[in-house]
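Scroll down for the structure; my scribbles are underneath it.
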Amino acid sequence: MLSVAVFTAAVLIVGRDSWDGLQARDAYVTLSLLGLIIAAACSVLSLRAAGQGRLVRALYALLLAYCALLTGPASQIYRSVDTWQDLASIGRAVGRDAVDRPMILFAPDETTRAFVDLYAGTAVDLIPGPITPLSAGRLRAELADAPRSVVLTQLPGRSESRTVREFKDWVGVNPHATTPRPAPDPTPDWALDARLRIAHLYALPNGRRYALLESVGAAASR
């Protein structure tokens, strides 16, 4: 019953968080509700069977309750939470935006290298991290040789979903401002030094953020 309560809270929170972009809302509500009802009913049956000394029946009822939670609310929660790590969508978007242009992967981690190789569908030049004056100098040299190149890099921090932002506001983590402030420019300092501007931003809800940068001169000539 405690698991039913936890999954109920998770279904409500995740559903509210992803409702605008949810593809199958009816399935989300129906499967979650059926799974929770069946799990709760089986938990009650298990409790009664255990009180009557029918331990095998009680265990079967608990097993059915567990399966109902997995096939019902857990499957729908996972489908929504999985979008927080949908790096394949970023890789495909990068491939479309960088079409016919050389691409430089700047200071990537292993995860970034993997999804770019799998999904971007384009050859890249790699400048490994960490970000140092030496690696930044190498980037400027490559851009000087190929000024049409685009640079893919991971931005620090996470992209927060609506529910996470509102929760932080509620608990007082985010200070309330009397007047709206413009979002800070996410362009890294090394990119400004290399005269790069952000051409495209990619962000997953509660997940990673990436930027595809291009030289200011190349942007002006397009």
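Ordered as shown in the structure tokens, chains take letters A, B, and onward, while each chain numbers its residues from 1 and ligands are numbered from 1 in the order shown.
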
Extract the full set of strand (DSSP E or B) residues from range 15-201 of chain A according to DSSP on the backbone, and format it as a PyMOL selection string. chain A and resi 103-106+124-127+150-159+196-201

Take the residues that were just selected and, keeping N, CA and C atoms, output them as a PDB file, in the first residue's frame.
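What landed in again_6.pdb:
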ATOM      1  N   MET A 103      32.134  19.770 -38.624  1.00  0.00           N
ATOM      2  CA  MET A 103      31.751  19.899 -37.223  1.00  0.00           C
ATOM      3  C   MET A 103      32.913  19.516 -36.327  1.00  0.00           C
ATOM      4  N   ILE A 104      33.097  20.310 -35.280  1.00  0.00           N
ATOM      5  CA  ILE A 104      34.141  20.067 -34.281  1.00  0.00           C
ATOM      6  C   ILE A 104      33.455  19.751 -32.965  1.00  0.00           C
ATOM      7  N   LEU A 105      33.832  18.642 -32.376  1.00  0.00           N
ATOM      8  CA  LEU A 105      33.321  18.250 -31.065  1.00  0.00           C
ATOM      9  C   LEU A 105      34.340  18.706 -30.030  1.00  0.00           C
ATOM     10  N   PHE A 106      33.931  19.676 -29.195  1.00  0.00           N
ATOM     11  CA  PHE A 106      34.893  20.328 -28.314  1.00  0.00           C
ATOM     12  C   PHE A 106      34.714  19.846 -26.875  1.00  0.00           C
ATOM     13  N   VAL A 124      33.118  14.149 -37.594  1.00  0.00           N
ATOM     14  CA  VAL A 124      33.487  15.250 -36.709  1.00  0.00           C
ATOM     15  C   VAL A 124      34.979  15.219 -36.448  1.00  0.00           C
ATOM     16  N   ASP A 125      35.527  16.397 -36.179  1.00  0.00           N
ATOM     17  CA  ASP A 125      36.873  16.521 -35.637  1.00  0.00           C
ATOM     18  C   ASP A 125      36.748  16.632 -34.124  1.00  0.00           C
ATOM     19  N   LEU A 126      37.638  15.961 -33.421  1.00  0.00           N
ATOM     20  CA  LEU A 126      37.550  15.911 -31.967  1.00  0.00           C
ATOM     21  C   LEU A 126      38.676  16.704 -31.334  1.00  0.00           C
ATOM     22  N   ILE A 127      38.316  17.610 -30.425  1.00  0.00           N
ATOM     23  CA  ILE A 127      39.293  18.285 -29.572  1.00  0.00           C
ATOM     24  C   ILE A 127      38.975  17.844 -28.147  1.00  0.00           C
ATOM     25  N   VAL A 150      31.159  24.266 -37.563  1.00  0.00           N
ATOM     26  CA  VAL A 150      30.326  24.466 -36.379  1.00  0.00           C
ATOM     27  C   VAL A 150      30.949  23.672 -35.235  1.00  0.00           C
ATOM     28  N   VAL A 151      30.710  24.134 -34.018  1.00  0.00           N
ATOM     29  CA  VAL A 151      31.320  23.538 -32.836  1.00  0.00           C
ATOM     30  C   VAL A 151      30.211  23.079 -31.902  1.00  0.00           C
ATOM     31  N   LEU A 152      30.232  21.808 -31.529  1.00  0.00           N
ATOM     32  CA  LEU A 152      29.261  21.270 -30.580  1.00  0.00           C
ATOM     33  C   LEU A 152      29.928  21.123 -29.224  1.00  0.00           C
ATOM     34  N   THR A 153      29.278  21.656 -28.197  1.00  0.00           N
ATOM     35  CA  THR A 153      29.831  21.565 -26.847  1.00  0.00           C
ATOM     36  C   THR A 153      28.699  21.422 -25.847  1.00  0.00           C
ATOM     37  N   GLN A 154      28.986  20.780 -24.736  1.00  0.00           N
ATOM     38  CA  GLN A 154      27.998  20.657 -23.669  1.00  0.00           C
ATOM     39  C   GLN A 154      28.069  21.887 -22.772  1.00  0.00           C
ATOM     40  N   LEU A 155      26.917  22.440 -22.446  1.00  0.00           N
ATOM     41  CA  LEU A 155      26.846  23.582 -21.554  1.00  0.00           C
ATOM     42  C   LEU A 155      26.704  23.100 -20.116  1.00  0.00           C
ATOM     43  N   PRO A 156      27.239  23.832 -19.163  1.00  0.00           N
ATOM     44  CA  PRO A 156      27.103  23.412 -17.766  1.00  0.00           C
ATOM     45  C   PRO A 156      25.664  23.536 -17.281  1.00  0.00           C
ATOM     46  N   GLY A 157      25.350  22.808 -16.230  1.00  0.00           N
ATOM     47  CA  GLY A 157      24.025  22.889 -15.640  1.00  0.00           C
ATOM     48  C   GLY A 157      23.022  21.987 -16.326  1.00  0.00           C
ATOM     49  N   ARG A 158      21.798  22.053 -15.834  1.00  0.00           N
ATOM     50  CA  ARG A 158      20.712  21.234 -16.348  1.00  0.00           C
ATOM     51  C   ARG A 158      19.551  22.125 -16.766  1.00  0.00           C
ATOM     52  N   SER A 159      18.773  21.629 -17.715  1.00  0.00           N
ATOM     53  CA  SER A 159      17.561  22.313 -18.131  1.00  0.00           C
ATOM     54  C   SER A 159      16.420  21.833 -17.247  1.00  0.00           C
ATOM     55  N   LEU A 196      32.813  33.066 -31.412  1.00  0.00           N
ATOM     56  CA  LEU A 196      31.744  32.145 -31.761  1.00  0.00           C
ATOM     57  C   LEU A 196      30.428  32.639 -31.175  1.00  0.00           C
ATOM     58  N   ARG A 197      29.361  32.339 -31.859  1.00  0.00           N
ATOM     59  CA  ARG A 197      28.022  32.635 -31.373  1.00  0.00           C
ATOM     60  C   ARG A 197      27.197  31.350 -31.387  1.00  0.00           C
ATOM     61  N   ILE A 198      26.167  31.298 -30.556  1.00  0.00           N
ATOM     62  CA  ILE A 198      25.302  30.117 -30.501  1.00  0.00           C
ATOM     63  C   ILE A 198      24.335  30.150 -31.677  1.00  0.00           C
ATOM     64  N   ALA A 199      24.411  29.119 -32.504  1.00  0.00           N
ATOM     65  CA  ALA A 199      23.481  28.995 -33.624  1.00  0.00           C
ATOM     66  C   ALA A 199      22.237  28.205 -33.223  1.00  0.00           C
ATOM     67  N   HIS A 200      22.418  27.174 -32.386  1.00  0.00           N
ATOM     68  CA  HIS A 200      21.296  26.343 -31.950  1.00  0.00           C
ATOM     69  C   HIS A 200      21.556  25.886 -30.516  1.00  0.00           C
ATOM     70  N   LEU A 201      20.495  25.856 -29.731  1.00  0.00           N
ATOM     71  CA  LEU A 201      20.545  25.326 -28.373  1.00  0.00           C
ATOM     72  C   LEU A 201      19.710  24.055 -28.308  1.00  0.00           C
TER      73      LEU A 201
END

Do you have, as a Markdown table, the list of residues of range 59-96 of chain A lying at most 12 Å from range 2-9 of chain A, each with its nearest atom pair and that distance in Å to one decimal, counting only C-alpha atoms and ordered by chain then number?
| residue | atom | partner | partner_atom | distance |
| --- | --- | --- | --- | --- |
| A:Leu62 | CA | A:Ser3 | CA | 11.3 |
| A:Ala65 | CA | A:Val4 | CA | 9.0 |
| A:Tyr66 | CA | A:Ser3 | CA | 8.9 |
| A:Cys67 | CA | A:Val4 | CA | 11.9 |
| A:Ala68 | CA | A:Val4 | CA | 10.0 |
| A:Leu69 | CA | A:Val4 | CA | 7.6 |
| A:Leu70 | CA | A:Phe7 | CA | 9.9 |
| A:Gly72 | CA | A:Phe7 | CA | 9.9 |
| A:Pro73 | CA | A:Phe7 | CA | 6.7 |
| A:Ala74 | CA | A:Phe7 | CA | 7.5 |
| A:Ser75 | CA | A:Phe7 | CA | 11.0 |
| A:Gln76 | CA | A:Phe7 | CA | 10.7 |
| A:Ile77 | CA | A:Phe7 | CA | 8.9 |
| A:Tyr78 | CA | A:Phe7 | CA | 11.6 |

Store the residues of this selection in a file with C-alpha atoms, as a PDB file, in the first residue's frame.
ATOM      1  CA  LEU A  62       1.387  -9.378  -3.519  1.00  0.00           C
ATOM      2  CA  ALA A  65       0.146  -6.194  -7.047  1.00  0.00           C
ATOM      3  CA  TYR A  66       3.831  -5.814  -7.902  1.00  0.00           C
ATOM      4  CA  CYS A  67       3.191  -6.762 -11.543  1.00  0.00           C
ATOM      5  CA  ALA A  68       0.269  -4.317 -11.723  1.00  0.00           C
ATOM      6  CA  LEU A  69       2.501  -1.463 -10.552  1.00  0.00           C
ATOM      7  CA  LEU A  70       5.171  -2.346 -13.112  1.00  0.00           C
ATOM      8  CA  GLY A  72       0.613   0.191 -15.128  1.00  0.00           C
ATOM      9  CA  PRO A  73       2.010   3.367 -13.552  1.00  0.00           C
ATOM     10  CA  ALA A  74       5.688   2.395 -13.720  1.00  0.00           C
ATOM     11  CA  SER A  75       5.564   1.888 -17.491  1.00  0.00           C
ATOM     12  CA  GLN A  76       3.985   5.307 -18.006  1.00  0.00           C
ATOM     13  CA  ILE A  77       6.331   7.079 -15.588  1.00  0.00           C
ATOM     14  CA  TYR A  78       9.341   5.502 -17.277  1.00  0.00           C
TER      15      TYR A  78
END

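Proximity of A:Leu64, A:Leu213, A:Ile13, A:Ala41 to Phe167 in chain A, computed with only C-alpha atoms, is greatest for A:Ile13.
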
Nearest to Ala120 in chain A among A:Leu143, A:Ile37, A:Val81, A:Val94, with distances taken over only C-alpha atoms: which residue is it?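 Answer, going by the shortest atom-to-atom distance: A:Val94.
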
Going by DSSP on the backbone, which residues of range 2-123 of chain A come out as alpha helix (DSSP H)? List them as a PyMOL selection string. chain A and resi 2-18+25-51+55-69+75-82+87-97+110-115

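Residue nearest Asp82 in chain A, chosen from A:Pro205, A:Leu118, A:Val216, A:Asp20 and counting only C-alpha atoms: A:Pro205.
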
I'd like to know which of A:Val116, A:Ala27, A:Leu22, A:Ala191 is closest to Leu139 in chain A, using only C-alpha atoms.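 Of A:Val116, A:Ala27, A:Leu22, A:Ala191, the one nearest Leu139 in chain A is A:Ala191, counting only C-alpha atoms.
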
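The residue set within 8 Å of range 131-138 of chain A, counting only C-alpha atoms and dropping same-chain residues fewer than 3 places from it, reads Ala107, Ile127, Pro128, Ala141, Glu142, Trp190 and Ala194 of chain A.
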
If I take CA of Asp189 in chain A and CA of Pro147 in chain A, how far is one from the other in Å, to one decimal?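 If I compute the distance from CA of Asp189 in chain A to CA of Pro147 in chain A, I get 19.0 Å.
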
Give me, as a count of residues only, all polymer residues having an atom no more than 9 Å from Leu204 in chain A, counting only C-alpha atoms and skipping those fewer than 5 positions away in the same chain. 11

Minimum-distance residue to Leu33 in chain A, chosen among A:Leu212, A:Leu12, A:Val164, A:Pro102 (using only C-alpha atoms): A:Leu12

Applying 10 Å and only C-alpha atoms, which residues near Val44 in chain A remain after dropping the ones on its own chain fewer than 2 positions away? List them as number ranges by chain. A: 1, 38-42, 46-50, 58, 61-62, 65

Those same residues, written as a CSV table (one decimal), in the first residue's frame with N, CA and C atoms?
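Once everything was written out, this is result03.csv:
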chain,number,residue,atom,x,y,z
A,1,MET,N,0.8,-1.2,0.0
A,1,MET,CA,0.0,0.0,0.0
A,1,MET,C,0.9,1.3,0.0
A,38,ILE,N,-5.7,-2.0,-9.2
A,38,ILE,CA,-5.4,-3.5,-9.1
A,38,ILE,C,-4.4,-3.7,-8.0
A,39,ALA,N,-3.4,-2.9,-7.9
A,39,ALA,CA,-2.3,-3.1,-6.9
A,39,ALA,C,-2.9,-2.9,-5.5
A,40,ALA,N,-3.8,-1.8,-5.3
A,40,ALA,CA,-4.4,-1.6,-4.0
A,40,ALA,C,-5.3,-2.7,-3.6
A,41,ALA,N,-6.1,-3.2,-4.6
A,41,ALA,CA,-7.0,-4.3,-4.3
A,41,ALA,C,-6.3,-5.6,-3.9
A,42,CYS,N,-5.2,-5.9,-4.7
A,42,CYS,CA,-4.5,-7.1,-4.3
A,42,CYS,C,-3.8,-7.0,-3.0
A,46,SER,N,-4.3,-9.6,-0.1
A,46,SER,CA,-3.1,-10.2,0.6
A,46,SER,C,-3.2,-10.1,2.1
A,47,LEU,N,-3.6,-8.9,2.5
A,47,LEU,CA,-3.6,-8.7,4.0
A,47,LEU,C,-4.7,-9.6,4.6
A,48,ARG,N,-5.8,-9.7,3.9
A,48,ARG,CA,-6.9,-10.6,4.5
A,48,ARG,C,-6.4,-12.0,4.5
A,49,ALA,N,-5.8,-12.5,3.4
A,49,ALA,CA,-5.4,-13.9,3.3
A,49,ALA,C,-4.3,-14.2,4.3
A,50,ALA,N,-3.4,-13.2,4.6
A,50,ALA,CA,-2.4,-13.4,5.6
A,50,ALA,C,-3.0,-13.6,7.0
A,58,ALA,N,-1.6,-15.1,0.0
A,58,ALA,CA,-1.2,-13.7,0.3
A,58,ALA,C,0.0,-13.3,-0.6
A,61,ALA,N,-1.0,-12.7,-4.2
A,61,ALA,CA,-1.7,-11.4,-4.3
A,61,ALA,C,-0.7,-10.3,-4.4
A,62,LEU,N,0.3,-10.4,-3.5
A,62,LEU,CA,1.4,-9.4,-3.5
A,62,LEU,C,2.2,-9.4,-4.8
A,65,ALA,N,0.1,-7.6,-7.3
A,65,ALA,CA,0.1,-6.2,-7.0
A,65,ALA,C,1.4,-5.6,-7.6
